[in-house]
Amino acid sequence: MGLCCARITPFSSHVHNLKPFNLSLLDQVTPTTYSPLIFFYNIKNFHLKNTRITTQLKLSLSNTLNVYYPLSGRVKNNLIIDQFDAGVPYFEARVKGNLSDFIREPPMEMFNMFLPYEPFCQQQLDPTLGMLAVQVNIFDCRGIALGICFSHKINDGITSSSFMKTWAANSCGSGSYNKVVQPMFPLQKSLPSRYTSLMETLWFSKKAFRTRRFVFNESAVSALRAKGRSEYVENTTRVEALSAFIWKCLMKACENISGSPRSSVMSQAVNIRRLMKPRMSRYSIGNLVWSTIARYNPDETEMEMKELVSLVREGVGKVNSEYLKSFSGEKGSLAILEHLDELGEISMENPDVFSFYSWHTFGFSEIDFGYGKPVWVGIFGEANRNSASDSNFIILKDVGRNNAIEAWMTLDENIMDVLENDPEFLAFASLNPCITSD
């Protein structure tokens, strides 16, 4: 794969004179790492030359940065983003072979080649690092793999989704010009270093990890929803059912390894824009998510689907508009830091921790740059030894067809060894099945 590099800056010169963009406290405590996406497009049925496609992508990206100008800047002192003329690193690469052959049996170990930066690994707070990086990979058959890396310092899933939809709309000539919104949560001008150190400890581990992609088809999801129903949760959601089932199987794996039941914690990221009063704009940039906590104690709770679904529902339900009121105003910083202290106390108890992220409603499979929807959207390949973010983490996303859901799971390799041979888990999940267009 040969690479060429450029930097894409906002098309409008007035952006370079804007005031610095303030980080919120939630951004400040988020470690510097990159969250990836890979969009696979089959464009052989469109009469477009490769040069026209790449020119269109670069021009529409430049126009999109007029609105999403913080993504063209650089972080300074973990306080602000400025230098909006620094630009987005942009790469192009040639790939031998056909896209259809590649995704038919997607080789996980090769996915990271499509990305401009190493995903989900700990980065230093380098003022030269971009908030966004793009790599356009062109197959011999003229299929494209569009690899994106979003800096987690300023991007969460909603920010990434809104940006991609705006970029695609600009590429099609129907761009949206919604203004991005500054985060409403307080900036901590003198953030104690123990909080950034704590978050790095929680996010990164020195263990060996393995990444696998599992798919739950529509019938499997429906069956799990039925298994999770109870008098407490009559209408189990897809995410509740899948999260509870996967958590159960992971706890069984940990018990198998240790030889005895262990306490376990499941954290789940919740988008708080829709929970705030007044409701925050979708175009509010930053890490506007909150990690809910569900705790399992083998001495208190049965490891059954119904009980685990109830724990998941209860944990998410605690994060509501009333709860979030404490995060705003003069005392908002104190409330947020107190929560981080609580996370630190939990980690000292040394439970098994599994972090869940739900991307299935972000609409990534609908992103159309003018040559159709992606035939598939991948995330990343194998987790590198000693560099995986979040220790054990699971990302749920839609497949884009047939109401199936993918679970991209990065786990301690010992846990993954047990899970890959668990008959109960494999009765519902398929390991890295073929990608089809039906």
# chains A, B, ... in the order shown; residues from 1 in each chain; ligands from 1
>>> residues_around(residues="region 17-26 of chain A", least_positions_apart="6", cutoff="8 Å", atoms="only C-alpha atoms", output="ChimeraX atom specification")
/A:70,78-82,154,182-188,286-288,333
>>> select_by_dssp(residues="region 50-106 of chain A", states="helix (DSSP H, G or I)", output="list in words")
Asn50, Thr51, Arg52, Ile53, Thr54, Thr55, Gln56, Leu57, Lys58, Leu59, Ser60, Leu61, Ser62, Asn63, Thr64, Leu65, Asn66, Val67, Tyr69, Pro70, Leu71, Ser72, Leu99, Ser100, Asp101, Phe102, Ile103 and Arg104 of chain A
>>> residues_around(residues="region 311-319 of chain A", least_positions_apart="3", cutoff="9 Å", atoms="only C-alpha atoms", output="PDB file with N, CA and C atoms, in the first residue's frame")
ATOM      1  N   VAL A 233     -38.957  -5.888  34.121  1.00  0.00           N
ATOM      2  CA  VAL A 233     -38.650  -5.345  32.792  1.00  0.00           C
ATOM      3  C   VAL A 233     -39.470  -6.133  31.782  1.00  0.00           C
ATOM      4  N   THR A 236     -37.972  -5.759  27.172  1.00  0.00           N
ATOM      5  CA  THR A 236     -36.519  -5.675  27.127  1.00  0.00           C
ATOM      6  C   THR A 236     -36.069  -5.122  25.779  1.00  0.00           C
ATOM      7  N   GLU A 240     -30.323  -3.937  25.924  1.00  0.00           N
ATOM      8  CA  GLU A 240     -30.380  -4.538  27.262  1.00  0.00           C
ATOM      9  C   GLU A 240     -30.192  -6.046  27.200  1.00  0.00           C
ATOM     10  N   SER A 243     -26.533  -6.897  25.968  1.00  0.00           N
ATOM     11  CA  SER A 243     -25.548  -6.535  26.990  1.00  0.00           C
ATOM     12  C   SER A 243     -25.600  -7.506  28.158  1.00  0.00           C
ATOM     13  N   ALA A 244     -26.810  -7.820  28.631  1.00  0.00           N
ATOM     14  CA  ALA A 244     -26.955  -8.729  29.767  1.00  0.00           C
ATOM     15  C   ALA A 244     -26.451 -10.128  29.416  1.00  0.00           C
ATOM     16  N   MET A 266     -20.336  -3.839  35.092  1.00  0.00           N
ATOM     17  CA  MET A 266     -20.592  -3.517  33.697  1.00  0.00           C
ATOM     18  C   MET A 266     -20.849  -2.033  33.591  1.00  0.00           C
ATOM     19  N   SER A 267     -20.045  -1.316  32.823  1.00  0.00           N
ATOM     20  CA  SER A 267     -20.307   0.102  32.567  1.00  0.00           C
ATOM     21  C   SER A 267     -20.885   0.244  31.173  1.00  0.00           C
ATOM     22  N   GLN A 268     -21.804   1.181  31.024  1.00  0.00           N
ATOM     23  CA  GLN A 268     -22.438   1.412  29.724  1.00  0.00           C
ATOM     24  C   GLN A 268     -22.491   2.900  29.457  1.00  0.00           C
ATOM     25  N   ALA A 269     -21.979   3.306  28.313  1.00  0.00           N
ATOM     26  CA  ALA A 269     -21.949   4.719  27.954  1.00  0.00           C
ATOM     27  C   ALA A 269     -23.333   5.171  27.500  1.00  0.00           C
ATOM     28  N   VAL A 270     -23.798   6.279  28.066  1.00  0.00           N
ATOM     29  CA  VAL A 270     -25.122   6.820  27.752  1.00  0.00           C
ATOM     30  C   VAL A 270     -24.974   8.234  27.200  1.00  0.00           C
ATOM     31  N   ILE A 272     -25.887  11.799  26.933  1.00  0.00           N
ATOM     32  CA  ILE A 272     -26.636  12.656  27.862  1.00  0.00           C
ATOM     33  C   ILE A 272     -27.240  13.879  27.191  1.00  0.00           C
ATOM     34  N   LEU A 275     -30.919  13.764  27.531  1.00  0.00           N
ATOM     35  CA  LEU A 275     -31.419  13.696  28.902  1.00  0.00           C
ATOM     36  C   LEU A 275     -31.351  15.035  29.621  1.00  0.00           C
ATOM     37  N   TRP A 290     -22.063   9.603  29.615  1.00  0.00           N
ATOM     38  CA  TRP A 290     -21.817   9.287  31.016  1.00  0.00           C
ATOM     39  C   TRP A 290     -21.842   7.781  31.187  1.00  0.00           C
ATOM     40  N   SER A 291     -20.908   7.254  31.947  1.00  0.00           N
ATOM     41  CA  SER A 291     -20.825   5.812  32.149  1.00  0.00           C
ATOM     42  C   SER A 291     -21.716   5.383  33.308  1.00  0.00           C
ATOM     43  N   THR A 292     -22.736   4.611  32.987  1.00  0.00           N
ATOM     44  CA  THR A 292     -23.590   4.056  34.035  1.00  0.00           C
ATOM     45  C   THR A 292     -22.946   2.766  34.556  1.00  0.00           C
ATOM     46  N   ILE A 293     -23.276   2.430  35.782  1.00  0.00           N
ATOM     47  CA  ILE A 293     -22.641   1.284  36.427  1.00  0.00           C
ATOM     48  C   ILE A 293     -23.692   0.265  36.864  1.00  0.00           C
ATOM     49  N   ALA A 294     -23.482  -0.998  36.488  1.00  0.00           N
ATOM     50  CA  ALA A 294     -24.270  -2.115  37.007  1.00  0.00           C
ATOM     51  C   ALA A 294     -23.295  -3.058  37.703  1.00  0.00           C
ATOM     52  N   ARG A 295     -23.581  -3.404  38.960  1.00  0.00           N
ATOM     53  CA  ARG A 295     -22.655  -4.221  39.742  1.00  0.00           C
ATOM     54  C   ARG A 295     -23.291  -5.575  40.058  1.00  0.00           C
ATOM     55  N   TYR A 296     -22.514  -6.629  39.858  1.00  0.00           N
ATOM     56  CA  TYR A 296     -22.962  -7.981  40.169  1.00  0.00           C
ATOM     57  C   TYR A 296     -22.142  -8.532  41.328  1.00  0.00           C
ATOM     58  N   LYS A 306     -32.740 -12.530  33.512  1.00  0.00           N
ATOM     59  CA  LYS A 306     -33.742 -11.600  34.025  1.00  0.00           C
ATOM     60  C   LYS A 306     -33.146 -10.663  35.064  1.00  0.00           C
ATOM     61  N   GLU A 307     -32.339 -11.241  35.972  1.00  0.00           N
ATOM     62  CA  GLU A 307     -31.731 -10.418  37.009  1.00  0.00           C
ATOM     63  C   GLU A 307     -30.708  -9.446  36.414  1.00  0.00           C
ATOM     64  N   LEU A 308     -29.941  -9.909  35.438  1.00  0.00           N
ATOM     65  CA  LEU A 308     -28.917  -9.046  34.849  1.00  0.00           C
ATOM     66  C   LEU A 308     -29.530  -7.931  34.017  1.00  0.00           C
ATOM     67  N   GLU A 322     -32.712  14.862  36.308  1.00  0.00           N
ATOM     68  CA  GLU A 322     -32.529  15.325  37.685  1.00  0.00           C
ATOM     69  C   GLU A 322     -31.100  15.047  38.155  1.00  0.00           C
ATOM     70  N   TYR A 323     -30.612  13.865  37.860  1.00  0.00           N
ATOM     71  CA  TYR A 323     -29.247  13.489  38.237  1.00  0.00           C
ATOM     72  C   TYR A 323     -28.230  14.413  37.568  1.00  0.00           C
ATOM     73  N   LEU A 324     -28.457  14.757  36.289  1.00  0.00           N
ATOM     74  CA  LEU A 324     -27.501  15.553  35.529  1.00  0.00           C
ATOM     75  C   LEU A 324     -27.504  17.026  35.911  1.00  0.00           C
TER      76      LEU A 324
END
>>> residues_around(residues="Asn402 (chain A)", least_positions_apart="2", cutoff="8 Å", atoms="only C-alpha atoms", output="mmCIF file with all heavy atoms, in the first residue's frame")
data_model
loop_
_atom_site.group_PDB
_atom_site.id
_atom_site.type_symbol
_atom_site.label_atom_id
_atom_site.label_comp_id
_atom_site.auth_asym_id
_atom_site.auth_seq_id
_atom_site.Cartn_x
_atom_site.Cartn_y
_atom_site.Cartn_z
ATOM 1 N N ASN A 217 -27.964 -12.523 14.800
ATOM 2 C CA ASN A 217 -28.996 -12.258 13.800
ATOM 3 C C ASN A 217 -30.326 -11.901 14.483
ATOM 4 O O ASN A 217 -30.449 -11.932 15.712
ATOM 5 C CB ASN A 217 -29.152 -13.436 12.830
ATOM 6 C CG ASN A 217 -29.584 -14.717 13.527
ATOM 7 O OD1 ASN A 217 -30.272 -14.691 14.547
ATOM 8 N ND2 ASN A 217 -29.197 -15.859 12.966
ATOM 9 N N GLU A 218 -31.305 -11.560 13.665
ATOM 10 C CA GLU A 218 -32.570 -11.053 14.198
ATOM 11 C C GLU A 218 -33.249 -12.062 15.121
ATOM 12 O O GLU A 218 -33.775 -11.703 16.176
ATOM 13 C CB GLU A 218 -33.515 -10.691 13.046
ATOM 14 C CG GLU A 218 -34.829 -10.071 13.510
ATOM 15 C CD GLU A 218 -35.701 -9.635 12.362
ATOM 16 O OE1 GLU A 218 -35.454 -10.075 11.218
ATOM 17 O OE2 GLU A 218 -36.640 -8.839 12.600
ATOM 18 N N VAL A 399 -25.593 -4.060 11.703
ATOM 19 C CA VAL A 399 -24.943 -4.599 10.511
ATOM 20 C C VAL A 399 -25.349 -3.799 9.286
ATOM 21 O O VAL A 399 -24.596 -3.671 8.330
ATOM 22 C CB VAL A 399 -25.304 -6.092 10.335
ATOM 23 C CG1 VAL A 399 -24.751 -6.644 9.028
ATOM 24 C CG2 VAL A 399 -24.761 -6.897 11.509
ATOM 25 N N GLY A 400 -26.531 -3.218 9.323
ATOM 26 C CA GLY A 400 -27.024 -2.443 8.191
ATOM 27 C C GLY A 400 -28.094 -3.146 7.407
ATOM 28 O O GLY A 400 -28.631 -2.629 6.442
ATOM 29 N N ALA A 404 -29.773 -7.347 12.198
ATOM 30 C CA ALA A 404 -28.716 -8.024 12.942
ATOM 31 C C ALA A 404 -27.842 -6.998 13.657
ATOM 32 O O ALA A 404 -27.774 -5.828 13.256
ATOM 33 C CB ALA A 404 -27.867 -8.872 12.001
#
>>> closest_atom_pairs(of="region 10-69 of chain A", to="region 373-377 of chain A", cutoff="9 Å", atoms="only C-alpha atoms", output="Markdown table")
| residue | atom | partner | partner_atom | distance |
| --- | --- | --- | --- | --- |
| A:Leu37 | CA | A:Val377 | CA | 7.1 |
| A:Ile38 | CA | A:Val377 | CA | 5.6 |
| A:Phe39 | CA | A:Val377 | CA | 4.6 |
| A:Phe40 | CA | A:Pro374 | CA | 5.3 |
| A:Tyr41 | CA | A:Pro374 | CA | 4.7 |
| A:Asn42 | CA | A:Val375 | CA | 6.7 |
>>> residues_around(residues="Ile405 (chain A)", least_positions_apart="2", cutoff="10 Å", atoms="only C-alpha atoms", output="NGL selection string")
:A and (214-218 or 220-221 or 238-239 or 242 or 359-360 or 396-403 or 407-408 or 429)
>>> write_last_selection(atoms="N, CA and C atoms", output="PDB file, in the first residue's frame")
ATOM      1  N   PHE A 214     -18.435 -10.680  16.533  1.00  0.00           N
ATOM      2  CA  PHE A 214     -19.529 -11.655  16.599  1.00  0.00           C
ATOM      3  C   PHE A 214     -20.802 -11.004  16.065  1.00  0.00           C
ATOM      4  N   VAL A 215     -21.644 -11.790  15.421  1.00  0.00           N
ATOM      5  CA  VAL A 215     -22.901 -11.275  14.878  1.00  0.00           C
ATOM      6  C   VAL A 215     -24.071 -12.032  15.489  1.00  0.00           C
ATOM      7  N   PHE A 216     -25.057 -11.266  15.957  1.00  0.00           N
ATOM      8  CA  PHE A 216     -26.310 -11.823  16.465  1.00  0.00           C
ATOM      9  C   PHE A 216     -27.392 -11.499  15.443  1.00  0.00           C
ATOM     10  N   ASN A 217     -27.964 -12.523  14.800  1.00  0.00           N
ATOM     11  CA  ASN A 217     -28.996 -12.258  13.800  1.00  0.00           C
ATOM     12  C   ASN A 217     -30.326 -11.901  14.483  1.00  0.00           C
ATOM     13  N   GLU A 218     -31.305 -11.560  13.665  1.00  0.00           N
ATOM     14  CA  GLU A 218     -32.570 -11.053  14.198  1.00  0.00           C
ATOM     15  C   GLU A 218     -33.249 -12.062  15.121  1.00  0.00           C
ATOM     16  N   ALA A 220     -31.842 -14.427  16.895  1.00  0.00           N
ATOM     17  CA  ALA A 220     -31.075 -14.544  18.144  1.00  0.00           C
ATOM     18  C   ALA A 220     -31.380 -13.376  19.073  1.00  0.00           C
ATOM     19  N   VAL A 221     -31.453 -12.179  18.511  1.00  0.00           N
ATOM     20  CA  VAL A 221     -31.766 -10.997  19.323  1.00  0.00           C
ATOM     21  C   VAL A 221     -33.162 -11.120  19.918  1.00  0.00           C
ATOM     22  N   ARG A 238     -33.254  -4.318  22.713  1.00  0.00           N
ATOM     23  CA  ARG A 238     -32.222  -5.141  22.084  1.00  0.00           C
ATOM     24  C   ARG A 238     -30.876  -4.968  22.793  1.00  0.00           C
ATOM     25  N   VAL A 239     -30.543  -3.731  23.124  1.00  0.00           N
ATOM     26  CA  VAL A 239     -29.260  -3.466  23.771  1.00  0.00           C
ATOM     27  C   VAL A 239     -29.230  -4.057  25.176  1.00  0.00           C
ATOM     28  N   LEU A 242     -28.838  -7.958  24.735  1.00  0.00           N
ATOM     29  CA  LEU A 242     -27.510  -8.356  24.282  1.00  0.00           C
ATOM     30  C   LEU A 242     -26.456  -8.080  25.348  1.00  0.00           C
ATOM     31  N   TRP A 359     -23.455   1.610  19.508  1.00  0.00           N
ATOM     32  CA  TRP A 359     -23.409   2.462  18.325  1.00  0.00           C
ATOM     33  C   TRP A 359     -24.520   2.114  17.338  1.00  0.00           C
ATOM     34  N   HIS A 360     -25.454   1.265  17.737  1.00  0.00           N
ATOM     35  CA  HIS A 360     -26.377   0.697  16.752  1.00  0.00           C
ATOM     36  C   HIS A 360     -27.411   1.698  16.254  1.00  0.00           C
ATOM     37  N   LEU A 396     -21.377  -2.463  20.372  1.00  0.00           N
ATOM     38  CA  LEU A 396     -22.522  -3.012  19.646  1.00  0.00           C
ATOM     39  C   LEU A 396     -22.884  -2.064  18.518  1.00  0.00           C
ATOM     40  N   LYS A 397     -23.007  -2.564  17.300  1.00  0.00           N
ATOM     41  CA  LYS A 397     -23.402  -1.730  16.169  1.00  0.00           C
ATOM     42  C   LYS A 397     -24.278  -2.526  15.217  1.00  0.00           C
ATOM     43  N   ASP A 398     -25.083  -1.808  14.444  1.00  0.00           N
ATOM     44  CA  ASP A 398     -25.956  -2.482  13.490  1.00  0.00           C
ATOM     45  C   ASP A 398     -25.132  -2.983  12.315  1.00  0.00           C
ATOM     46  N   VAL A 399     -25.593  -4.060  11.703  1.00  0.00           N
ATOM     47  CA  VAL A 399     -24.943  -4.599  10.511  1.00  0.00           C
ATOM     48  C   VAL A 399     -25.349  -3.799   9.286  1.00  0.00           C
ATOM     49  N   GLY A 400     -26.531  -3.218   9.323  1.00  0.00           N
ATOM     50  CA  GLY A 400     -27.024  -2.443   8.191  1.00  0.00           C
ATOM     51  C   GLY A 400     -28.094  -3.146   7.407  1.00  0.00           C
ATOM     52  N   ARG A 401     -28.435  -4.372   7.817  1.00  0.00           N
ATOM     53  CA  ARG A 401     -29.480  -5.124   7.119  1.00  0.00           C
ATOM     54  C   ARG A 401     -29.991  -6.217   8.055  1.00  0.00           C
ATOM     55  N   ASN A 402     -31.209  -6.647   7.805  1.00  0.00           N
ATOM     56  CA  ASN A 402     -31.806  -7.799   8.483  1.00  0.00           C
ATOM     57  C   ASN A 402     -31.868  -7.673  10.006  1.00  0.00           C
ATOM     58  N   ASN A 403     -31.767  -6.446  10.528  1.00  0.00           N
ATOM     59  CA  ASN A 403     -31.895  -6.197  11.972  1.00  0.00           C
ATOM     60  C   ASN A 403     -30.879  -6.959  12.811  1.00  0.00           C
ATOM     61  N   ALA A 407     -21.260  -7.456  17.581  1.00  0.00           N
ATOM     62  CA  ALA A 407     -20.568  -7.157  18.836  1.00  0.00           C
ATOM     63  C   ALA A 407     -19.070  -7.266  18.568  1.00  0.00           C
ATOM     64  N   TRP A 408     -18.388  -6.127  18.594  1.00  0.00           N
ATOM     65  CA  TRP A 408     -16.938  -6.089  18.447  1.00  0.00           C
ATOM     66  C   TRP A 408     -16.359  -6.137  19.850  1.00  0.00           C
ATOM     67  N   ALA A 429     -24.482 -16.436  18.922  1.00  0.00           N
ATOM     68  CA  ALA A 429     -23.533 -15.569  18.229  1.00  0.00           C
ATOM     69  C   ALA A 429     -22.734 -16.336  17.185  1.00  0.00           C
TER      70      ALA A 429
END
>>> select_by_dssp(residues="region 14-234 of chain A", states="strand (DSSP E)", output="CSV table (one decimal) with N, CA and C atoms, in the first residue's frame")
chain,number,residue,atom,x,y,z
A,21,PHE,N,-11.8,27.0,21.1
A,21,PHE,CA,-12.9,26.1,21.5
A,21,PHE,C,-12.5,25.5,22.9
A,22,ASN,N,-13.3,25.8,23.9
A,22,ASN,CA,-13.1,25.2,25.2
A,22,ASN,C,-13.4,23.8,25.3
A,34,TYR,N,-7.6,7.2,19.8
A,34,TYR,CA,-8.3,7.3,18.6
A,34,TYR,C,-9.4,6.2,18.4
A,35,SER,N,-10.6,6.7,18.2
A,35,SER,CA,-11.7,5.8,17.9
A,35,SER,C,-11.9,5.6,16.4
A,36,PRO,N,-11.9,4.4,15.8
A,36,PRO,CA,-11.9,4.2,14.4
A,36,PRO,C,-13.3,3.8,13.8
A,37,LEU,N,-13.4,4.0,12.5
A,37,LEU,CA,-14.5,3.5,11.7
A,37,LEU,C,-13.9,3.3,10.3
A,38,ILE,N,-14.4,2.2,9.6
A,38,ILE,CA,-14.0,1.9,8.2
A,38,ILE,C,-15.2,1.7,7.4
A,39,PHE,N,-15.5,2.6,6.4
A,39,PHE,CA,-16.7,2.5,5.5
A,39,PHE,C,-16.2,1.9,4.2
A,40,PHE,N,-16.9,0.7,3.9
A,40,PHE,CA,-16.6,0.0,2.6
A,40,PHE,C,-17.6,0.4,1.6
A,41,TYR,N,-17.2,0.9,0.4
A,41,TYR,CA,-18.1,1.3,-0.6
A,41,TYR,C,-17.7,0.5,-1.9
A,74,ARG,N,-6.0,21.9,17.2
A,74,ARG,CA,-5.1,21.1,18.0
A,74,ARG,C,-5.3,21.5,19.5
A,75,VAL,N,-5.2,20.5,20.4
A,75,VAL,CA,-5.4,20.7,21.8
A,75,VAL,C,-4.2,21.4,22.4
A,76,LYS,N,-4.5,22.4,23.3
A,76,LYS,CA,-3.4,23.1,23.9
A,76,LYS,C,-3.7,23.1,25.5
A,80,ILE,N,-8.0,24.0,25.8
A,80,ILE,CA,-8.7,24.5,24.6
A,80,ILE,C,-8.2,23.8,23.3
A,81,ILE,N,-9.0,24.1,22.3
A,81,ILE,CA,-8.6,23.7,20.9
A,81,ILE,C,-8.4,25.0,20.1
A,82,ASP,N,-7.2,25.2,19.5
A,82,ASP,CA,-7.1,26.3,18.7
A,82,ASP,C,-6.3,25.9,17.4
A,88,VAL,N,-6.6,18.6,9.0
A,88,VAL,CA,-6.9,17.2,9.2
A,88,VAL,C,-5.9,16.4,8.3
A,89,PRO,N,-5.1,15.5,8.9
A,89,PRO,CA,-4.2,14.6,8.1
A,89,PRO,C,-5.0,13.7,7.2
A,90,TYR,N,-4.6,13.7,5.9
A,90,TYR,CA,-5.4,13.0,4.9
A,90,TYR,C,-4.4,12.1,4.1
A,91,PHE,N,-4.7,10.8,4.0
A,91,PHE,CA,-3.8,9.8,3.3
A,91,PHE,C,-4.6,9.1,2.2
A,92,GLU,N,-3.9,8.7,1.2
A,92,GLU,CA,-4.5,7.9,0.2
A,92,GLU,C,-3.6,6.6,0.0
A,93,ALA,N,-4.2,5.5,-0.3
A,93,ALA,CA,-3.5,4.2,-0.4
A,93,ALA,C,-4.1,3.4,-1.5
A,94,ARG,N,-3.3,2.6,-2.2
A,94,ARG,CA,-3.8,1.6,-3.1
A,94,ARG,C,-3.8,0.2,-2.5
A,95,VAL,N,-4.8,-0.5,-2.8
A,95,VAL,CA,-5.0,-1.9,-2.2
A,95,VAL,C,-5.1,-2.9,-3.3
A,132,LEU,N,-8.8,14.6,14.1
A,132,LEU,CA,-9.4,13.7,13.1
A,132,LEU,C,-8.4,13.4,12.0
A,133,ALA,N,-8.4,12.2,11.5
A,133,ALA,CA,-7.5,11.8,10.4
A,133,ALA,C,-8.2,10.9,9.5
A,134,VAL,N,-7.9,11.0,8.2
A,134,VAL,CA,-8.7,10.2,7.1
A,134,VAL,C,-7.7,9.5,6.3
A,135,GLN,N,-8.1,8.3,5.9
A,135,GLN,CA,-7.3,7.5,4.9
A,135,GLN,C,-8.3,6.9,3.9
A,136,VAL,N,-8.1,7.2,2.6
A,136,VAL,CA,-8.9,6.7,1.5
A,136,VAL,C,-8.1,5.6,0.9
A,137,ASN,N,-8.7,4.4,1.0
A,137,ASN,CA,-8.0,3.2,0.4
A,137,ASN,C,-8.8,2.7,-0.8
A,138,ILE,N,-8.1,2.7,-2.0
A,138,ILE,CA,-8.7,2.3,-3.2
A,138,ILE,C,-8.3,1.0,-3.7
A,139,PHE,N,-9.3,0.0,-3.8
A,139,PHE,CA,-9.0,-1.3,-4.3
A,139,PHE,C,-8.8,-1.3,-5.8
A,144,ILE,N,-13.8,1.1,-2.4
A,144,ILE,CA,-13.1,2.1,-1.5
A,144,ILE,C,-13.4,1.6,0.0
A,145,ALA,N,-12.3,1.7,0.8
A,145,ALA,CA,-12.4,1.6,2.2
A,145,ALA,C,-12.0,2.9,2.8
A,146,LEU,N,-13.0,3.7,3.4
A,146,LEU,CA,-12.7,5.0,3.9
A,146,LEU,C,-12.5,4.8,5.4
A,147,GLY,N,-11.2,5.0,5.8
A,147,GLY,CA,-10.8,4.8,7.2
A,147,GLY,C,-10.7,6.1,7.9
A,148,ILE,N,-11.4,6.2,9.1
A,148,ILE,CA,-11.5,7.5,9.8
A,148,ILE,C,-11.0,7.2,11.3
A,149,CYS,N,-10.2,8.1,11.8
A,149,CYS,CA,-9.8,8.0,13.2
A,149,CYS,C,-10.2,9.3,13.9
A,150,PHE,N,-11.1,9.2,14.9
A,150,PHE,CA,-11.6,10.4,15.6
A,150,PHE,C,-10.8,10.4,17.0
A,151,SER,N,-10.3,11.6,17.3
A,151,SER,CA,-9.6,11.7,18.6
A,151,SER,C,-10.7,11.7,19.7
A,209,PHE,N,-4.5,-8.7,24.8
A,209,PHE,CA,-6.0,-8.7,24.4
A,209,PHE,C,-6.1,-9.3,23.0
A,210,ARG,N,-7.3,-9.7,22.8
A,210,ARG,CA,-7.7,-10.2,21.5
A,210,ARG,C,-9.0,-9.6,21.1
A,211,THR,N,-9.2,-9.2,19.8
A,211,THR,CA,-10.4,-8.6,19.3
A,211,THR,C,-11.1,-9.6,18.3
A,212,ARG,N,-12.4,-9.8,18.5
A,212,ARG,CA,-13.2,-10.6,17.7
A,212,ARG,C,-14.5,-9.9,17.3
A,213,ARG,N,-15.1,-10.3,16.2
A,213,ARG,CA,-16.4,-9.7,15.7
A,213,ARG,C,-17.4,-10.9,15.8
A,214,PHE,N,-18.4,-10.7,16.5
A,214,PHE,CA,-19.5,-11.7,16.6
A,214,PHE,C,-20.8,-11.0,16.1
A,215,VAL,N,-21.6,-11.8,15.4
A,215,VAL,CA,-22.9,-11.3,14.9
A,215,VAL,C,-24.1,-12.0,15.5
A,216,PHE,N,-25.1,-11.3,16.0
A,216,PHE,CA,-26.3,-11.8,16.5
A,216,PHE,C,-27.4,-11.5,15.4
>>> closest_residue(among="A:Gly378, A:Gly143, A:Pro10, A:Pro119", to="Gln83 (chain A)", atoms="only C-alpha atoms")
A:Pro10
>>> closest_residue(among="A:Arg279, A:Lys227, A:Arg273, A:Arg7", to="Asp156 (chain A)", atoms="only C-alpha atoms")
A:Arg273
>>> residues_around(residues="region 53-65 of chain A", least_positions_apart="6", cutoff="8 Å", atoms="only C-alpha atoms", output="ChimeraX atom specification")
/A:8-12,71-72,136,163,166-168,170-171
>>> residues_around(residues="Asn256 (chain A)", least_positions_apart="4", cutoff="8 Å", atoms="only C-alpha atoms", output="PyMOL selection string")
chain A and resi 252+260+418
>>> closest_residue(among="A:Met131, A:Val181, A:Met108, A:Val309", to="Glu231 (chain A)", atoms="only C-alpha atoms")
A:Val309
>>> closest_residue(among="A:Leu3, A:Val15, A:Met409, A:Met276", to="Ser328 (chain A)", atoms="only C-alpha atoms")
A:Met276
>>> closest_residue(among="A:Val180, A:Ala226, A:Ile158, A:Leu129", to="Tyr357 (chain A)", atoms="only C-alpha atoms")
A:Ile158
>>> closest_residue(among="A:Glu366, A:Lys165, A:Gly97, A:Ile415", to="Met251 (chain A)", atoms="only C-alpha atoms")
A:Ile415
>>> atom_distance(atom1="CA of Thr30 (chain A)", atom2="CA of His152 (chain A)")
7.0 Å
>>> decode(residues="region 270-283 of chain A", atoms="C-alpha atoms", output="PDB file, in the first residue's frame")
ATOM      1  CA  VAL A 270     -25.122   6.820  27.752  1.00  0.00           C
ATOM      2  CA  ASN A 271     -25.643   9.838  25.492  1.00  0.00           C
ATOM      3  CA  ILE A 272     -26.636  12.656  27.862  1.00  0.00           C
ATOM      4  CA  ARG A 273     -27.599  15.225  25.223  1.00  0.00           C
ATOM      5  CA  ARG A 274     -31.167  13.909  25.109  1.00  0.00           C
ATOM      6  CA  LEU A 275     -31.419  13.696  28.902  1.00  0.00           C
ATOM      7  CA  MET A 276     -30.460  17.274  29.714  1.00  0.00           C
ATOM      8  CA  LYS A 277     -33.097  19.929  30.327  1.00  0.00           C
ATOM      9  CA  PRO A 278     -33.213  21.840  28.112  1.00  0.00           C
ATOM     10  CA  ARG A 279     -32.230  19.128  25.672  1.00  0.00           C
ATOM     11  CA  MET A 280     -28.789  19.638  24.162  1.00  0.00           C
ATOM     12  CA  SER A 281     -28.259  19.923  20.419  1.00  0.00           C
ATOM     13  CA  ARG A 282     -27.077  16.885  18.483  1.00  0.00           C
ATOM     14  CA  TYR A 283     -24.360  19.215  17.222  1.00  0.00           C
TER      15      TYR A 283
END
